[in-house]
Each structure stands twice: as structure tokens, then as C-alpha cells.
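As stored in model.cif (mmCIF, C-alpha atoms):
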```cif
data_model
#
loop_
_atom_site.label_atom_id
_atom_site.label_comp_id
_atom_site.auth_asym_id
_atom_site.auth_seq_id
_atom_site.Cartn_x
_atom_site.Cartn_y
_atom_site.Cartn_z
CA MET T 6 0.00 0.00 0.00
CA ARG T 7 1.48 3.32 -1.02
CA GLY T 8 1.24 6.48 0.99
CA SER T 9 3.06 8.34 3.71
CA VAL T 10 2.53 8.82 7.42
CA ARG T 11 4.27 11.34 9.66
CA MET T 12 3.91 11.27 13.44
CA THR T 13 3.50 14.82 14.71
CA ASP T 14 3.02 14.17 18.43
CA SER T 15 3.19 11.39 21.02
CA ARG T 16 2.14 12.27 24.54
CA ARG T 17 0.46 11.24 27.76
CA LEU T 18 -3.23 11.84 28.37
CA THR T 19 -3.40 12.48 32.10
CA GLY T 20 -7.19 12.44 32.47
CA PRO T 21 -10.51 12.40 30.58
CA ASN T 22 -10.11 13.65 27.03
CA LEU T 23 -11.71 13.69 23.59
CA LEU T 24 -10.89 10.02 22.94
CA LEU T 25 -10.89 8.31 26.33
CA SER T 26 -12.77 8.58 29.62
CA GLY T 27 -9.51 8.46 31.57
CA ALA T 28 -5.73 8.50 31.25
CA GLY T 29 -3.73 6.96 28.43
CA ALA T 30 -1.34 7.68 25.57
CA VAL T 31 -2.02 9.22 22.17
CA ILE T 32 -0.21 9.61 18.87
CA GLU T 33 -1.20 12.23 16.33
CA CYS T 34 -0.09 11.89 12.74
CA GLN T 35 -0.48 13.32 9.27
CA LEU T 36 -1.54 11.08 6.38
CA GLU T 37 -0.96 11.45 2.67
CA GLY T 38 -2.35 8.93 0.22
CA LEU T 39 -3.33 6.52 3.00
CA GLU T 40 -6.78 5.87 4.42
CA ALA T 41 -7.25 6.48 8.13
CA GLY T 42 -9.28 3.30 8.48
CA ALA T 43 -6.47 1.18 7.04
CA LEU T 44 -3.92 2.66 9.43
CA ALA T 45 -6.29 2.30 12.38
CA ALA T 46 -6.84 -1.39 11.63
CA ALA T 47 -3.11 -2.05 11.29
CA TRP T 48 -2.40 -0.09 14.48
CA GLU T 49 -5.00 -2.07 16.44
CA ARG T 50 -3.47 -5.36 15.27
CA SER T 51 0.00 -4.25 16.33
CA LEU T 52 -1.27 -2.73 19.56
CA ASP T 53 -3.17 -5.90 20.48
CA ARG T 54 0.02 -7.89 20.11
CA VAL T 55 2.19 -5.67 22.26
CA LEU T 56 -0.48 -5.00 24.91
CA VAL T 57 -0.83 -8.72 25.57
CA ALA T 58 2.94 -9.03 25.87
CA VAL T 59 3.28 -6.20 28.44
CA GLY T 60 0.29 -7.30 30.51
CA TRP T 61 -2.37 -4.80 29.40
CA PRO T 62 -4.57 -7.04 27.19
CA HIS T 63 -7.88 -5.33 28.00
CA ALA T 64 -6.84 -1.71 27.47
CA VAL T 65 -9.49 0.42 25.80
CA ARG T 66 -8.39 1.98 22.53
CA ALA T 67 -9.84 4.69 20.30
CA TRP T 68 -8.99 6.58 17.16
CA ARG T 69 -10.28 9.69 15.44
CA ALA T 70 -9.65 10.92 11.92
CA TRP T 71 -9.77 14.40 10.46
CA PRO T 72 -8.86 15.73 7.00
CA GLY T 73 -5.19 14.87 6.50
CA GLY T 74 -4.55 13.20 9.84
CA MET T 75 -5.71 11.17 12.82
CA SER T 76 -5.23 10.42 16.53
CA LEU T 77 -4.58 6.92 17.94
CA ALA T 78 -5.00 6.42 21.68
CA PHE T 79 -5.33 3.71 24.29
CA ALA T 80 -6.02 3.72 28.03
CA ALA T 81 -3.20 3.02 30.49
CA PRO T 82 -2.55 3.17 34.25
CA ILE T 83 -1.65 6.62 35.56
CA ASP T 84 1.61 5.27 36.99
CA ALA T 85 2.85 4.06 33.58
CA LEU T 86 1.94 6.78 31.10
CA TYR T 87 5.45 7.54 29.88
CA ALA T 88 5.93 3.83 29.19
CA ALA T 89 2.51 3.80 27.52
CA THR T 90 3.66 6.38 24.99
CA GLU T 91 6.54 4.06 24.09
CA VAL T 92 4.13 1.14 23.72
CA ASN T 93 2.03 3.27 21.39
CA GLU T 94 5.04 4.37 19.37
CA TRP T 95 6.14 0.77 18.81
CA ALA T 96 2.64 -0.26 17.69
CA PHE T 97 2.43 2.77 15.41
CA ALA T 98 5.79 2.04 13.78
CA ASP T 99 4.90 -1.63 13.36
CA ALA T 100 1.57 -0.67 11.79
CA ILE T 101 2.97 1.70 9.19
CA ALA T 102 5.72 -0.82 8.37
CA SER T 103 3.04 -3.45 7.72
CA LEU T 104 1.43 -1.04 5.25
CA ALA T 105 4.77 -0.49 3.50
CA ALA T 106 4.65 3.15 4.53
CA GLY T 107 7.58 3.25 6.95
CA ASP T 108 10.61 1.52 8.43
CA PRO T 109 10.08 -1.42 10.82
CA PRO T 110 10.42 -0.82 14.59
CA ALA T 111 12.70 -2.67 17.01
CA PRO T 112 12.26 -6.48 16.93
CA PHE T 113 9.24 -7.58 18.96
CA ASP T 114 11.01 -9.58 21.68
CA SER T 115 13.61 -6.91 22.44
CA ALA T 116 10.96 -4.16 22.32
CA VAL T 117 8.77 -6.04 24.80
CA ALA T 118 11.69 -6.49 27.19
CA THR T 119 12.45 -2.76 27.03
CA LEU T 120 8.79 -1.81 27.48
CA ARG T 121 8.29 -4.13 30.45
CA ALA T 122 11.35 -2.64 32.12
CA ALA T 123 10.03 0.89 31.51
CA ILE T 124 6.65 -0.02 33.01
CA ALA T 125 8.29 -1.56 36.07
CA GLU T 126 10.56 1.44 36.60
CA GLU T 127 7.69 3.91 36.40
CA ALA T 128 5.31 1.87 38.57
CA ASN T 129 3.98 3.63 41.67
CA PRO T 130 1.52 1.29 43.45
CA ARG T 131 0.82 3.82 46.20
CA LEU T 132 -0.33 6.33 43.60
CA LEU T 133 -2.87 3.83 42.28
CA ALA T 134 -4.02 2.86 45.77
CA LEU T 135 -4.52 6.47 46.82
CA ALA T 136 -6.36 7.31 43.60
CA ALA T 137 -8.71 4.38 44.13
CA ALA T 138 -9.35 5.35 47.76
CA ALA T 139 -10.13 8.96 46.80
CA GLU T 140 -12.49 7.84 44.03
CA ALA T 141 -14.30 5.51 46.43
CA ARG T 142 -14.96 8.50 48.70
CA GLY T 143 -16.03 10.80 45.88
CA LEU T 144 -13.06 13.14 46.32
CA THR T 145 -11.08 14.89 43.61
CA PHE T 146 -7.68 13.29 43.00
CA LEU T 147 -5.08 15.39 41.16
CA TRP T 148 -1.52 14.41 40.33
CA ASP T 149 1.51 15.24 38.24
CA ASP T 150 5.18 14.28 38.26
CA ARG T 151 5.85 16.30 41.41
CA ARG T 152 2.80 16.27 43.68
CA VAL T 153 -0.40 14.40 44.42
CA SER T 154 -3.46 15.92 46.10
CA ILE T 155 -6.86 14.86 47.39
CA GLY T 156 -9.74 17.30 47.76
CA LEU T 157 -10.00 20.92 46.66
CA GLY T 158 -9.54 24.27 48.37
CA GLU T 159 -8.96 24.39 52.11
CA GLY T 160 -10.19 20.82 52.39
CA SER T 161 -7.33 19.43 50.32
CA ARG T 162 -4.04 17.79 51.22
CA SER T 163 -1.02 17.04 49.04
CA TRP T 164 2.12 14.90 49.06
CA PRO T 165 5.28 14.64 46.95
CA ALA T 166 4.63 12.12 44.16
CA ARG T 167 7.26 9.69 45.45
CA GLU T 168 6.38 10.10 49.13
CA ILE T 169 2.70 9.21 48.99
CA THR T 170 1.13 7.98 52.20
CA ALA T 171 -0.89 4.76 52.38
CA PRO T 172 -4.70 5.21 52.18
CA GLU T 173 -5.20 3.89 55.71
CA ARG T 174 -3.00 6.66 57.10
CA VAL T 175 -4.94 9.51 55.46
CA ARG T 176 -7.22 11.58 57.71
CA TRP T 177 -10.17 11.32 55.37
CA ALA T 178 -12.61 13.12 57.66
CA GLY T 179 -10.85 16.44 57.07
CA LEU T 180 -10.82 16.21 53.27
CA ARG T 181 -13.49 17.70 51.02
CA ASP T 182 -14.08 19.29 47.63
CA VAL T 183 -15.36 22.68 46.54
CA PRO T 184 -17.51 23.25 43.41
CA LEU T 185 -15.27 23.36 40.37
CA VAL T 186 -15.68 24.35 36.72
CA MET T 187 -12.91 23.54 34.24
CA VAL T 188 -12.71 25.27 30.85
CA THR T 189 -10.64 23.71 28.09
CA GLY T 190 -9.98 24.39 24.43
CA THR T 191 -7.55 26.21 22.18
CA ASN T 192 -8.69 29.85 22.23
CA GLY T 193 -10.90 31.81 24.60
CA LYS T 194 -10.38 29.90 27.84
CA SER T 195 -9.40 32.92 29.94
CA THR T 196 -12.05 35.03 28.25
CA THR T 197 -14.63 32.46 29.30
CA VAL T 198 -13.36 32.01 32.86
CA ARG T 199 -13.40 35.71 33.75
CA PRO T 200 -17.11 36.40 33.11
CA LEU T 201 -17.99 33.13 34.86
CA ALA T 202 -16.13 34.34 37.95
CA ALA T 203 -17.79 37.74 37.66
CA MET T 204 -21.24 36.14 37.54
CA LEU T 205 -20.48 34.12 40.66
CA ARG T 206 -19.29 37.24 42.49
CA ALA T 207 -22.46 39.05 41.43
CA ALA T 208 -24.43 36.17 42.93
CA GLY T 209 -22.70 36.72 46.27
CA ARG T 210 -20.22 33.84 46.00
CA VAL T 211 -16.48 33.96 46.61
CA ALA T 212 -15.02 32.59 43.38
CA GLY T 213 -11.44 31.51 42.85
CA ALA T 214 -10.36 31.70 39.22
CA THR T 215 -7.16 30.92 37.36
CA SER T 216 -6.39 32.04 33.81
CA THR T 217 -3.45 32.83 31.59
CA CYS T 218 -2.74 36.13 33.35
CA ARG T 219 -3.45 35.56 37.03
CA VAL T 220 -5.04 33.64 39.89
CA GLU T 221 -7.84 35.44 41.72
CA VAL T 222 -9.80 34.76 44.89
CA GLY T 223 -12.80 37.04 45.03
CA ASP T 224 -11.58 40.49 43.98
CA GLN T 225 -7.98 39.85 45.01
CA ALA T 226 -5.24 38.70 42.63
CA VAL T 227 -3.06 36.24 44.53
CA ALA T 228 -0.66 35.34 41.70
CA ALA T 229 0.25 36.77 38.32
CA GLY T 230 2.11 35.74 35.21
#
```

Write the structure described by the file as C-alpha cells, please.
Amino acid sequence: MRGSVRMTDSRRLTGPNLLLSGAGAVIECQLEGLEAGALAAAWERSLDRVLVAVGWPHAVRAWRAWPGGMSLAFAAPIDALYAATEVNEWAFADAIASLAAGDPPAPFDSAVATLRAAIAEEANPRLLALAAAAEARGLTFLWDDRRVSIGLGEGSRSWPAREITAPERVRWAGLRDVPLVMVTGTNGKSTTVRPLAAMLRAAGRVAGATSTCRVEVGDQAVAAG
């Protein structure tokens, strides 16, 4: 099959997104002379093979095409998302090679060994345990490479990502959420957030708002830049 494929991005998805209901990994690519459906089918075959080998056989996957390109994503544990991007990249390279549209990836057995090692190195069982405990209690769980937090506002608590406490040691009674609205998109996020905060203030509420320019609590700017 003739055609060309160029990967333009490979990244983690750290939460719910356009393709998945939770975290995972996504590749975005540009296509020329190649049908998105053909690449998606080849990618799923390659992904199935490698997911079984690394121990994620039931991972949800999704793809989305647009004129000239597409996204290919699958769900993965939040403590293995960097490794998940490498899994996705191998499957992607194997898929385009099978369509005669690119060079083959690393041999399967050696790739699996490398991917398993990456998953094991990144693994953080306490992160998963704490996330599950927060979800069971209906509390917001936020995390990145540096810190992990449960709850929102004054009712929240955080820990360094590699010094997470066990769920049974958390003082859950003191943790709580505050109402939260998140605005996403490409353009107009700050422009949308500011009138929302103004409407809440007009309704007699104390609104905290963060945007490109500043962080505000009520009428006071508490951070800028």
C-alpha cells in the first residue's frame, strides 16, 4: 500500500479527554495517500500484540480521523503513562511498516523487554491505591510528576509524588471538595473564565479563578504571570 505517514506528536493523556474517559497515551499523525481506516486497523493489530505481551490485554483503545490526519489512543494506568507512549510508538511504527509506509520498529522480543522494564521502573503502586481510595470516597484526585493531592480548596491535602502515604494513614474526615468548573480548548479559555467568575461574584459567592494572566480569589489577585 502506497502512501506516507508522519507522526506529529506522542504524549500522555493524564485524564478524561476527547478520545478516552480516563488516562492513556495518544499519537497524532499526518496522512498522505493513505486511508485512516487502514492505518487504524493495522495499528489495532500491532497494539493488540504488544499490549498482551506487556500485561495490558484489555486496554481500551480509540482513534479519530480528520482531513489529512488522525489520533490513535489507548487507556493506560496513571503510573505508567510515559511507558505507555513508548508502547504506542512501537505499535504505530509496526503498523505503518506493515502497510509499506515506513521503516520497521525494534524487533518484537527486544521491544517487549524494554517496554516491560520501563513499566516496572515507572510503577507507583501507592499512587494507584490512593487514587482508588479517593475515588471511592467521591473526592477529587489530582496528580503530576511532582505532587499528588486529594480534595480541593482548604479541604485538600497534598504529598510529593514519590512520598505518597498509604490510604489507611490519610485523615479522610478532614478532606473535602469545593464546586469546580474547568474550561478547556484552544482559544478563549481565559475570556470564558473571567465572566464566569464575575457572575459568581455578582451572585454573592467567593469565586477563585485561574487564567493565563493571574489567579484570583474574590476580587484579590493572589498570583500573576

May I ask which of the residues T:Ser161, T:Thr197, T:Ser15, T:Thr170 is the closest one to Ala89 in chain T, counting all atoms listed in the file?
T:Ser15

Using Å and a single decimal, report how far CA of Leu120 in chain T sits from CA of Trp164 in chain T.
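Separating CA of Trp164 in chain T from CA of Leu120 in chain T is a distance of 28.1 Å.
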
Residue by residue, what does the PyMOL selection byres ((chain T and resi 149) around 12) grab here? Present the result as a PyMOL selection string.
chain T and resi 17-20+83-84+86+132+146-148+150-154+163-167

Selected residues written out, C-alpha atoms, as a short mmCIF file (atom, residue, chain, number, x, y, z; two decimals), in the coordinates of the input:
```cif
data_model
loop_
_atom_site.label_atom_id
_atom_site.label_comp_id
_atom_site.auth_asym_id
_atom_site.auth_seq_id
_atom_site.Cartn_x
_atom_site.Cartn_y
_atom_site.Cartn_z
CA ARG T 17 0.46 11.24 27.76
CA LEU T 18 -3.23 11.84 28.37
CA THR T 19 -3.40 12.48 32.10
CA GLY T 20 -7.19 12.44 32.47
CA ILE T 83 -1.65 6.62 35.56
CA ASP T 84 1.61 5.27 36.99
CA LEU T 86 1.94 6.78 31.10
CA LEU T 132 -0.33 6.33 43.60
CA PHE T 146 -7.68 13.29 43.00
CA LEU T 147 -5.08 15.39 41.16
CA TRP T 148 -1.52 14.41 40.33
CA ASP T 150 5.18 14.28 38.26
CA ARG T 151 5.85 16.30 41.41
CA ARG T 152 2.80 16.27 43.68
CA VAL T 153 -0.40 14.40 44.42
CA SER T 154 -3.46 15.92 46.10
CA SER T 163 -1.02 17.04 49.04
CA TRP T 164 2.12 14.90 49.06
CA PRO T 165 5.28 14.64 46.95
CA ALA T 166 4.63 12.12 44.16
CA ARG T 167 7.26 9.69 45.45
#
```

Quick check on the file I pasted: which residues fall under the PyMOL selection byres ((chain T and resi 213) around 12)? Write them as a ChimeraX atom specification.
/T:157-159,183-187,198-199,201-203,205-206,210-212,214-216,219-228

Residue neighbourhood range 31-48 of chain T, 8 Å, all atoms listed in the file, exclusion window fewer than 3 positions, as a PyMOL selection string:
chain T and resi 6-18+51-52+68+70+73-79+90+93-94+96-97+99-101+103-104

Store the residues of this selection in a file with C-alpha atoms, as a PDB file, in the frame of the given file.
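Written output follows (selection-v6.pdb):
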```
ATOM      1  CA  MET T   6       0.000   0.000   0.000  1.00  0.00           C
ATOM      2  CA  ARG T   7       1.480   3.320  -1.020  1.00  0.00           C
ATOM      3  CA  GLY T   8       1.240   6.480   0.990  1.00  0.00           C
ATOM      4  CA  SER T   9       3.060   8.340   3.710  1.00  0.00           C
ATOM      5  CA  VAL T  10       2.530   8.820   7.420  1.00  0.00           C
ATOM      6  CA  ARG T  11       4.270  11.340   9.660  1.00  0.00           C
ATOM      7  CA  MET T  12       3.910  11.270  13.440  1.00  0.00           C
ATOM      8  CA  THR T  13       3.500  14.820  14.710  1.00  0.00           C
ATOM      9  CA  ASP T  14       3.020  14.170  18.430  1.00  0.00           C
ATOM     10  CA  SER T  15       3.190  11.390  21.020  1.00  0.00           C
ATOM     11  CA  ARG T  16       2.140  12.270  24.540  1.00  0.00           C
ATOM     12  CA  ARG T  17       0.460  11.240  27.760  1.00  0.00           C
ATOM     13  CA  LEU T  18      -3.230  11.840  28.370  1.00  0.00           C
ATOM     14  CA  SER T  51       0.000  -4.250  16.330  1.00  0.00           C
ATOM     15  CA  LEU T  52      -1.270  -2.730  19.560  1.00  0.00           C
ATOM     16  CA  TRP T  68      -8.990   6.580  17.160  1.00  0.00           C
ATOM     17  CA  ALA T  70      -9.650  10.920  11.920  1.00  0.00           C
ATOM     18  CA  GLY T  73      -5.190  14.870   6.500  1.00  0.00           C
ATOM     19  CA  GLY T  74      -4.550  13.200   9.840  1.00  0.00           C
ATOM     20  CA  MET T  75      -5.710  11.170  12.820  1.00  0.00           C
ATOM     21  CA  SER T  76      -5.230  10.420  16.530  1.00  0.00           C
ATOM     22  CA  LEU T  77      -4.580   6.920  17.940  1.00  0.00           C
ATOM     23  CA  ALA T  78      -5.000   6.420  21.680  1.00  0.00           C
ATOM     24  CA  PHE T  79      -5.330   3.710  24.290  1.00  0.00           C
ATOM     25  CA  THR T  90       3.660   6.380  24.990  1.00  0.00           C
ATOM     26  CA  ASN T  93       2.030   3.270  21.390  1.00  0.00           C
ATOM     27  CA  GLU T  94       5.040   4.370  19.370  1.00  0.00           C
ATOM     28  CA  ALA T  96       2.640  -0.260  17.690  1.00  0.00           C
ATOM     29  CA  PHE T  97       2.430   2.770  15.410  1.00  0.00           C
ATOM     30  CA  ASP T  99       4.900  -1.630  13.360  1.00  0.00           C
ATOM     31  CA  ALA T 100       1.570  -0.670  11.790  1.00  0.00           C
ATOM     32  CA  ILE T 101       2.970   1.700   9.190  1.00  0.00           C
ATOM     33  CA  SER T 103       3.040  -3.450   7.720  1.00  0.00           C
ATOM     34  CA  LEU T 104       1.430  -1.040   5.250  1.00  0.00           C
TER      35      LEU T 104
END
```

Picked residues, the PyMOL selection byres ((chain T and resi 60) around 12), expected as number ranges by chain:
T: 52-59, 61-64, 81-82, 89, 92, 117-118, 120-121, 124-125

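Note that CA of Trp95 in chain T and CA of Pro130 in chain T are 25.1 Å apart.
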
Pairwise distance for CA of Ala122 in chain T and CA of Asn22 in chain T, rounded to one decimal in Å
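Interatomic distance, CA of Ala122 in chain T to CA of Asn22 in chain T: 27.4 Å.
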
Within 12 Å of (-0.7, 4.9, 53.3), in the coordinates the file gives, what residues turn up when you count all atoms listed in the file, written out as a PDB file with C-alpha atoms, keeping the file's coordinate frame?
```
ATOM      1  CA  PRO T 130       1.520   1.290  43.450  1.00  0.00           C
ATOM      2  CA  ARG T 131       0.820   3.820  46.200  1.00  0.00           C
ATOM      3  CA  LEU T 132      -0.330   6.330  43.600  1.00  0.00           C
ATOM      4  CA  LEU T 133      -2.870   3.830  42.280  1.00  0.00           C
ATOM      5  CA  ALA T 134      -4.020   2.860  45.770  1.00  0.00           C
ATOM      6  CA  LEU T 135      -4.520   6.470  46.820  1.00  0.00           C
ATOM      7  CA  ALA T 136      -6.360   7.310  43.600  1.00  0.00           C
ATOM      8  CA  ALA T 138      -9.350   5.350  47.760  1.00  0.00           C
ATOM      9  CA  TRP T 164       2.120  14.900  49.060  1.00  0.00           C
ATOM     10  CA  GLU T 168       6.380  10.100  49.130  1.00  0.00           C
ATOM     11  CA  ILE T 169       2.700   9.210  48.990  1.00  0.00           C
ATOM     12  CA  THR T 170       1.130   7.980  52.200  1.00  0.00           C
ATOM     13  CA  ALA T 171      -0.890   4.760  52.380  1.00  0.00           C
ATOM     14  CA  PRO T 172      -4.700   5.210  52.180  1.00  0.00           C
ATOM     15  CA  GLU T 173      -5.200   3.890  55.710  1.00  0.00           C
ATOM     16  CA  ARG T 174      -3.000   6.660  57.100  1.00  0.00           C
ATOM     17  CA  VAL T 175      -4.940   9.510  55.460  1.00  0.00           C
ATOM     18  CA  ARG T 176      -7.220  11.580  57.710  1.00  0.00           C
ATOM     19  CA  TRP T 177     -10.170  11.320  55.370  1.00  0.00           C
TER      20      TRP T 177
END
```

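Distances here use all atoms listed in the file; by that measure, the residue among T:Ala67, T:Ala105, T:Leu144, T:Leu24 closest to Ala178 in chain T is T:Leu144.
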
When you count only C-alpha atoms, which of these residues is closest to Ala116 in chain T: T:Glu91, T:Ala141, T:Ala102, T:Gly209?
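Smallest distance to Ala116 in chain T is found for T:Glu91.
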
Select all residues near (-14.1, 12.5, 46.7) (cut-off 8 Å, inclusive, file coordinates), counting all atoms listed in the file, and output them as an NGL selection string.
:T and (139-146 or 155-156 or 181-182)
